[in-house]
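Next comes upload-v5.txt, with compact mmCIF, C-alpha atoms and all ligand atoms.
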# COMPACT_ATOMS: atom_id res chain seq x y z
CA MET U 1 188.91 286.19 190.22
CA ILE U 2 188.29 283.98 193.25
CA ALA U 3 189.70 284.53 196.77
CA THR U 4 193.45 283.94 197.05
CA GLY U 5 193.33 280.87 199.26
CA THR U 6 192.34 279.55 202.65
CA LYS U 7 193.16 281.61 205.73
CA PRO U 8 192.97 279.69 209.01
CA GLU U 9 192.63 282.09 211.94
CA GLY U 10 195.92 283.84 212.72
CA ALA U 11 197.72 282.78 209.51
CA ARG U 12 199.63 285.77 208.11
CA SER U 13 201.18 284.15 205.03
CA GLU U 14 200.46 281.34 202.60
CA GLN U 15 203.21 279.24 204.20
CA GLU U 16 201.63 279.69 207.61
CA ALA U 17 198.14 278.91 206.25
CA SER U 18 199.51 275.69 204.77
CA ARG U 19 201.29 274.73 207.98
CA ARG U 20 198.15 275.33 210.04
CA VAL U 21 195.99 273.28 207.69
CA ARG U 22 198.48 270.38 207.75
CA SER U 23 198.75 270.48 211.53
CA MET U 24 194.97 270.63 211.96
CA PHE U 25 194.38 267.57 209.77
CA GLY U 26 197.21 265.81 211.57
CA ARG U 27 195.38 266.29 214.85
CA VAL U 28 191.94 265.18 213.58
CA ALA U 29 193.24 262.26 211.45
CA ARG U 30 192.45 259.50 213.95
CA ARG U 31 188.77 260.51 214.30
CA TYR U 32 188.35 262.02 210.82
CA ASP U 33 186.29 259.24 209.21
CA PHE U 34 183.95 258.81 212.15
CA ALA U 35 183.27 262.56 212.45
CA ASN U 36 182.89 262.92 208.70
CA HIS U 37 180.30 260.19 208.22
CA LEU U 38 178.39 261.16 211.35
CA LEU U 39 178.23 264.90 210.60
CA SER U 40 177.12 264.32 207.02
CA ALA U 41 174.76 261.45 207.95
CA ASN U 42 176.79 259.37 205.45
CA VAL U 43 175.73 261.57 202.53
CA ASP U 44 179.44 262.18 201.84
CA ARG U 45 179.62 258.64 200.40
CA TYR U 46 176.96 259.55 197.81
CA TRP U 47 178.85 262.78 196.91
CA ARG U 48 182.07 260.85 196.28
CA ASN U 49 180.20 258.27 194.18
CA ARG U 50 178.73 261.06 192.04
CA ALA U 51 182.22 262.45 191.49
CA VAL U 52 183.48 258.98 190.47
CA ALA U 53 180.57 258.59 188.01
CA ARG U 54 181.49 261.91 186.36
CA VAL U 55 185.02 260.74 185.52
CA ARG U 56 184.14 257.16 184.64
CA ASP U 57 185.18 257.70 181.00
CA ILE U 58 188.77 258.35 182.05
CA LEU U 59 188.85 255.57 184.66
CA ASP U 60 187.80 253.17 181.90
CA ARG U 61 190.71 254.18 179.64
CA PRO U 62 193.31 251.39 179.74
CA GLY U 63 196.45 252.55 181.52
CA ALA U 64 195.10 256.00 182.45
CA ARG U 65 197.26 257.55 185.20
CA VAL U 66 195.07 258.82 188.01
CA LEU U 67 196.01 260.87 191.09
CA ASP U 68 193.57 261.43 193.96
CA LEU U 69 195.00 264.55 195.52
CA ALA U 70 194.44 265.60 199.14
CA CYS U 71 193.29 261.99 199.48
CA GLY U 72 193.20 262.18 203.28
CA THR U 73 192.17 258.83 204.74
CA GLY U 74 191.40 257.56 201.25
CA ASP U 75 187.62 257.36 200.87
CA LEU U 76 187.55 258.78 197.34
CA LEU U 77 190.73 256.91 196.36
CA ILE U 78 189.13 253.63 197.44
CA ALA U 79 185.95 254.36 195.44
CA LEU U 80 188.10 255.26 192.41
CA GLU U 81 190.27 252.14 192.67
CA ARG U 82 187.17 249.96 192.92
CA ALA U 83 185.62 251.67 189.87
CA ALA U 84 188.83 251.48 187.81
CA GLY U 85 189.71 247.95 188.91
CA ARG U 86 193.42 248.82 189.22
CA ARG U 87 195.95 250.63 191.38
CA LEU U 88 195.93 254.43 191.36
CA ILE U 89 197.93 257.09 193.19
CA GLY U 90 196.84 258.96 196.32
CA GLY U 91 198.64 262.10 197.48
CA ASP U 92 198.37 264.24 200.59
CA PHE U 93 200.73 266.50 202.54
CA CYS U 94 199.56 265.27 205.97
CA HIS U 95 201.34 262.12 207.12
CA PRO U 96 198.77 260.98 209.74
CA MET U 97 195.97 261.17 207.15
CA LEU U 98 198.05 259.02 204.77
CA THR U 99 198.65 256.51 207.55
CA GLY U 100 194.87 256.21 207.91
CA ALA U 101 194.54 255.72 204.14
CA GLN U 102 197.25 253.03 204.11
CA THR U 103 195.50 251.09 206.87
CA LYS U 104 192.17 251.18 205.01
CA LEU U 105 193.70 250.20 201.66
CA ARG U 106 195.46 247.20 203.25
CA ARG U 107 192.37 246.13 205.18
CA GLN U 108 190.31 246.16 201.95
CA GLY U 109 192.96 244.35 199.90
CA LEU U 110 193.54 247.36 197.64
CA GLY U 111 196.90 248.41 196.24
CA SER U 112 196.90 252.12 195.37
CA VAL U 113 200.20 253.84 196.02
CA LEU U 114 200.40 256.78 198.43
CA ILE U 115 202.76 259.74 198.16
CA GLU U 116 203.34 262.56 200.64
CA SER U 117 203.20 265.68 198.56
CA ASP U 118 201.90 269.24 198.47
CA ALA U 119 199.19 269.99 195.90
CA LEU U 120 200.96 273.27 195.13
CA SER U 121 204.15 271.53 194.06
CA LEU U 122 203.42 268.13 192.55
CA PRO U 123 206.25 265.63 192.00
CA PHE U 124 205.15 264.83 188.43
CA PRO U 125 206.47 266.02 185.06
CA ASP U 126 204.35 268.23 182.80
CA ALA U 127 201.52 266.42 180.99
CA SER U 128 202.03 263.10 182.77
CA LEU U 129 198.60 262.31 184.31
CA ASP U 130 195.17 261.65 182.79
CA LEU U 131 193.00 262.48 185.78
CA ILE U 132 193.33 264.37 189.04
CA THR U 133 190.54 264.22 191.61
CA ILE U 134 190.42 266.28 194.77
CA ALA U 135 187.58 265.94 197.28
CA PHE U 136 187.16 268.52 200.04
CA GLY U 137 190.84 269.39 199.72
CA TYR U 138 190.92 272.23 197.18
CA ARG U 139 189.17 274.63 199.61
CA ASN U 140 192.09 274.14 202.00
CA LEU U 141 194.80 275.23 199.58
CA ALA U 142 196.73 278.34 200.54
CA ASN U 143 196.54 279.60 196.94
CA TYR U 144 193.62 278.52 194.77
CA ARG U 145 194.95 279.80 191.45
CA ALA U 146 198.38 278.25 192.07
CA GLY U 147 196.62 274.94 192.81
CA LEU U 148 194.65 275.00 189.55
CA THR U 149 197.75 276.00 187.57
CA GLU U 150 199.83 273.20 189.10
CA MET U 151 197.13 270.58 188.48
CA ARG U 152 196.71 271.81 184.89
CA ARG U 153 200.49 271.56 184.40
CA VAL U 154 200.67 267.84 185.12
CA LEU U 155 197.55 266.85 183.13
CA ARG U 156 197.86 265.44 179.64
CA PRO U 157 195.81 266.61 176.66
CA GLY U 158 192.43 264.85 176.91
CA GLY U 159 192.78 264.68 180.71
CA ALA U 160 190.49 266.06 183.40
CA LEU U 161 190.41 267.61 186.85
CA ALA U 162 187.51 266.75 189.19
CA ILE U 163 187.01 268.96 192.23
CA LEU U 164 184.39 267.95 194.79
CA GLU U 165 183.79 270.71 197.31
CA PHE U 166 181.33 272.19 199.73
CA THR U 167 179.55 275.17 198.29
CA GLN U 168 176.93 277.76 199.13
CA PRO U 169 173.36 276.39 198.79
CA PRO U 170 171.57 278.58 196.21
CA ASN U 171 168.22 278.58 198.08
CA ALA U 172 168.33 281.36 200.72
CA ALA U 173 166.04 279.62 203.22
CA PHE U 174 167.94 276.35 203.01
CA ALA U 175 171.27 278.22 203.16
CA ALA U 176 170.17 279.91 206.42
CA LEU U 177 169.27 276.55 207.97
CA TYR U 178 172.47 274.93 206.76
CA ASN U 179 174.61 277.85 207.98
CA TRP U 180 172.97 277.60 211.40
CA TYR U 181 173.77 273.85 211.51
CA SER U 182 177.35 274.35 210.38
CA ARG U 183 178.02 277.15 212.87
CA THR U 184 176.41 275.55 215.92
CA ILE U 185 175.77 271.79 215.80
CA LEU U 186 178.70 270.87 213.55
CA PRO U 187 181.48 272.54 215.62
CA ALA U 188 179.97 271.24 218.86
CA ILE U 189 179.78 267.61 217.72
CA GLY U 190 182.92 267.68 215.55
CA GLY U 191 184.93 269.35 218.31
CA ALA U 192 183.74 266.86 220.92
CA ILE U 193 184.45 263.80 218.75
CA SER U 194 187.84 264.91 217.49
CA GLY U 195 189.07 266.79 220.56
CA VAL U 196 190.15 269.55 218.15
CA PRO U 197 187.42 272.22 218.34
CA GLU U 198 189.28 274.74 216.16
CA ALA U 199 189.20 272.27 213.23
CA TYR U 200 185.41 272.23 213.27
CA LYS U 201 185.22 276.01 213.67
CA TYR U 202 187.59 276.33 210.70
CA LEU U 203 185.41 274.08 208.53
CA PRO U 204 182.27 276.32 208.22
CA GLU U 205 184.46 279.42 208.11
CA SER U 206 186.49 278.02 205.20
CA VAL U 207 183.28 277.07 203.35
CA ARG U 208 181.87 280.58 203.91
CA ARG U 209 185.03 282.15 202.45
CA PHE U 210 185.17 279.70 199.53
CA PRO U 211 183.77 280.85 196.16
CA GLY U 212 180.37 279.59 195.04
CA ALA U 213 180.11 276.81 192.44
CA PRO U 214 179.71 279.13 189.40
CA GLU U 215 182.77 281.16 190.50
CA LEU U 216 184.85 278.00 190.90
CA ALA U 217 183.81 276.89 187.40
CA GLY U 218 184.89 280.33 186.09
CA ALA U 219 188.28 280.07 187.83
CA MET U 220 188.82 276.60 186.32
CA ARG U 221 188.09 278.00 182.86
CA GLU U 222 190.52 280.88 183.45
CA CYS U 223 193.21 278.30 184.28
CA GLY U 224 192.79 276.38 181.04
CA PHE U 225 190.00 273.87 181.65
CA ASP U 226 187.28 273.77 179.03
CA PRO U 227 184.55 272.65 179.17
CA VAL U 228 183.86 272.78 182.90
CA GLU U 229 180.72 270.94 184.00
CA TRP U 230 179.26 270.90 187.50
CA GLU U 231 176.11 270.14 189.44
CA TYR U 232 174.70 270.94 192.86
CA LEU U 233 174.22 267.96 195.17
CA THR U 234 171.98 267.73 198.25
CA PHE U 235 170.33 271.19 197.88
CA GLY U 236 173.69 272.72 196.93
CA ILE U 237 175.72 271.75 200.00
CA ALA U 238 178.32 270.15 197.74
CA ALA U 239 179.20 270.32 194.07
CA PRO U 240 181.46 268.18 191.86
CA HIS U 241 183.16 270.16 189.08
CA VAL U 242 184.88 268.44 186.16
CA GLY U 243 187.17 270.49 183.93
CA ARG U 244 188.58 268.97 180.76
CA VAL U 245 191.91 269.60 179.04
CA ALA U 246 191.54 269.88 175.26
CA SER U 247 192.83 266.82 173.36
CA THR U 248 195.07 268.97 171.21
CA ALA U 249 196.39 271.17 174.07
C1 LIG O 1 188.79 267.43 204.36
S1 LIG O 1 190.14 266.36 204.01
C2 LIG O 1 189.55 265.46 202.62
C3 LIG O 1 190.15 264.11 202.51
C4 LIG O 1 189.55 263.20 201.46
N1 LIG O 1 189.79 263.70 200.12
C5 LIG O 1 188.08 262.99 201.68
O1 LIG O 1 187.31 263.17 200.74
O2 LIG O 1 187.70 262.60 202.79
C6 LIG O 1 191.28 267.49 203.26
C7 LIG O 1 192.65 266.89 202.99
O3 LIG O 1 193.37 267.82 202.18
C8 LIG O 1 194.72 267.73 202.54
N2 LIG O 1 195.40 268.93 202.05
C9 LIG O 1 195.09 270.22 202.33
N3 LIG O 1 195.94 271.05 201.71
C10 LIG O 1 196.80 270.26 201.01
C11 LIG O 1 197.91 270.52 200.16
N4 LIG O 1 198.32 271.78 199.93
N5 LIG O 1 198.54 269.49 199.60
C12 LIG O 1 198.15 268.21 199.83
N6 LIG O 1 197.12 267.88 200.64
C13 LIG O 1 196.45 268.91 201.22
C14 LIG O 1 194.68 267.60 204.06
O4 LIG O 1 195.88 267.12 204.60
C15 LIG O 1 193.50 266.66 204.24
O5 LIG O 1 193.91 265.32 204.29
Show me, as structure tokens, the structure contained in the file I just sent.
Amino acid sequence: MIATGTKPEGARSEQEASRRVRSMFGRVARRYDFANHLLSANVDRYWRNRAVARVRDILDRPGARVLDLACGTGDLLIALERAAGRRLIGGDFCHPMLTGAQTKLRRQGLGSVLIESDALSLPFPDASLDLITIAFGYRNLANYRAGLTEMRRVLRPGGALAILEFTQPPNAAFAALYNWYSRTILPAIGGAISGVPEAYKYLPESVRRFPGAPELAGAMRECGFDPVEWEYLTFGIAAPHVGRVASTA
């Protein structure tokens, strides 16, 4: 089984881990988009578009209910709303990140609805959604299995969960280079831009502790998703995983 959940430095319980994650994103919210696009040289936009393409079949279903969880400032939610051509739902437990999302949605004339909610306790009945997406949020959950179980609970038969996350590049030489970048350059630039150095020290540490892509696929299967399909993107820095819920479940 995969690691229990994220453990920001000093957190001694799941509740404390969650609180620290929420507080950290609250402090970086204002500079989040700028730091994100700069540190990834805009490749993050391509990763989100790949994730959208992988769930296109559900977005095209008339009336499908879609939740972009841990939506942050809304980049994936915006790409999903544009692809679906209708309003969706975005959820996050960090108010300042949602404020950023609301501003961007309004500015772009989009109408998705935002809810403040914890991924580990979703305010939806069983089997009430067709698609949940979560980009770079799952790694931050205080309990990975509880997150998968909760997302599975609210998905309808025939639905799907798409997780886009950082992962461990499979090529050892590239992984060494990438790890050097993420432990030196990334915290220096991210810390300077955001004014919150610990957030950009936490980032590579949380990726290092996070299971590799095959392990995540295995955990999704254990929690009731089948089939689970995934691919490495950009030499294996990131990987979208899509797990399906059987139509007769
Ligand atoms: C790295 S940001 C990703 C935001 C956005 N999905 C994106 O692709 O840019 C991670 C987000 O996950 C949210 N998050 C972390 N744990 C969460 C939880 N337990 N419930 C809801 N949101 C959570 C944070 O508040 C933050 O906005």
What are the closest atom pairs, with distances in Å to one decimal, for all residues of chain U lying within 6 Å of ligand LIG 1 (chain O)? Consider only C-alpha atoms and all ligand atoms, order rows by chain and residue number, and present the result as a tab-separated table.
residue	atom	partner	partner_atom	distance
U:Arg22	CA	O:LIG1	O4	5.2
U:Phe25	CA	O:LIG1	O4	5.4
U:Ala70	CA	O:LIG1	N6	3.8
U:Cys71	CA	O:LIG1	N1	3.9
U:Gly72	CA	O:LIG1	O5	3.4
U:Gly74	CA	O:LIG1	C4	5.9
U:Asp75	CA	O:LIG1	O2	5.6
U:Leu76	CA	O:LIG1	O1	5.6
U:Asp92	CA	O:LIG1	N6	3.8
U:Phe93	CA	O:LIG1	C12	4.1
U:Cys94	CA	O:LIG1	O4	4.3
U:Met97	CA	O:LIG1	O5	5.4
U:Ser117	CA	O:LIG1	C12	5.8
U:Asp118	CA	O:LIG1	N5	3.6
U:Ala119	CA	O:LIG1	N5	3.8
U:Leu120	CA	O:LIG1	N4	5.7
U:Ile134	CA	O:LIG1	N1	6.0
U:Ala135	CA	O:LIG1	N1	4.2
U:Phe136	CA	O:LIG1	C2	4.7
U:Gly137	CA	O:LIG1	O3	3.9
U:Asn140	CA	O:LIG1	N3	4.9
U:Leu141	CA	O:LIG1	N3	4.8
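The residue that comes closest to U:Gly100, out of U:Asp33, U:Glu205, U:Glu16, U:Glu222 and on the basis of only C-alpha atoms, is U:Asp33.
With distances restricted to all atoms listed in the file, U:Leu39 is the closest residue to U:Tyr200 from U:Ala53, U:Leu39, U:Ala17, U:Ile132.
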Taking 4 positions as the minimum chain separation for residues in the same chain, which residues sit within 10 Å of U:Phe124 when counting all atoms listed in the file? Answer as number ranges by chain. U: 128-129, 150-151, 153-155
Just want the 12 Å neighbourhood of U:Leu164, counted on only C-alpha atoms, with same-chain residues fewer than 6 positions away dropped. Output as number ranges by chain. U: 44-52, 54-55, 68-71, 76, 132-139, 213, 216-217, 229-233, 236-243
Take the point (183.8, 282.5, 192.8) as written in the file and pick out every residue within 12 Å of it, counting only C-alpha atoms; give the list as a PyMOL selection string. chain U and resi 1-5+139+144-145+167-168+207-222
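In this structure, atom CA of U:Ile185 sits 15.8 Å away from atom CA of U:Phe34.
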Computed interatomic separation between atom CA of U:Ala29 and atom CA of U:Leu67 (Å):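 Going from atom CA of U:Ala29 over to atom CA of U:Leu67 covers 20.6 Å.
Counting only C-alpha atoms, the residue from U:Leu110, U:Val196, U:Ala246, U:Leu186 that sits nearest to U:Leu38 is U:Leu186.
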Please list as a VMD selection string every residue within 12 Å of U:Pro197, counting all atoms listed in the file and excluding residues in the same chain fewer than 3 positions away. chain U and resid 24 to 25 27 to 28 183 to 194 200 to 203
Can you work out which one of U:Pro170, U:Pro96, U:Ile89, U:Ile58 has the shortest atom-to-atom distance to U:Arg156, counting only C-alpha atoms?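 Counting only C-alpha atoms, the residue closest to U:Arg156 is U:Ile58.
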Let me have the centre and edge lengths of the axis-aligned box enclosing all listed atoms of stretch 156-169 of chain U with 4 Å padding on every side, in Å to one decimal, as JSON.
{"center_x": 185.6, "center_y": 271.2, "center_z": 188.2, "size_x": 32.5, "size_y": 21.1, "size_z": 31.1}
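You can rank U:Ile115, U:Leu105, U:Leu59, U:Ala11 by their closest distance to U:Ile78 using only C-alpha atoms, and at the top of that list sits U:Leu105.
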Residue with smallest distance to U:Glu116 - pool U:Gln102, U:Arg244, U:His95, U:Gln15, counting all atoms listed in the file: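 Of the candidates, the smallest distance to U:Glu116 is held by U:His95.
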Measure the distance from atom CA of U:Arg20 to atom CA of U:Lys7 in Å and round it to one decimal.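 Separating atom CA of U:Arg20 from atom CA of U:Lys7 is a distance of 9.1 Å.
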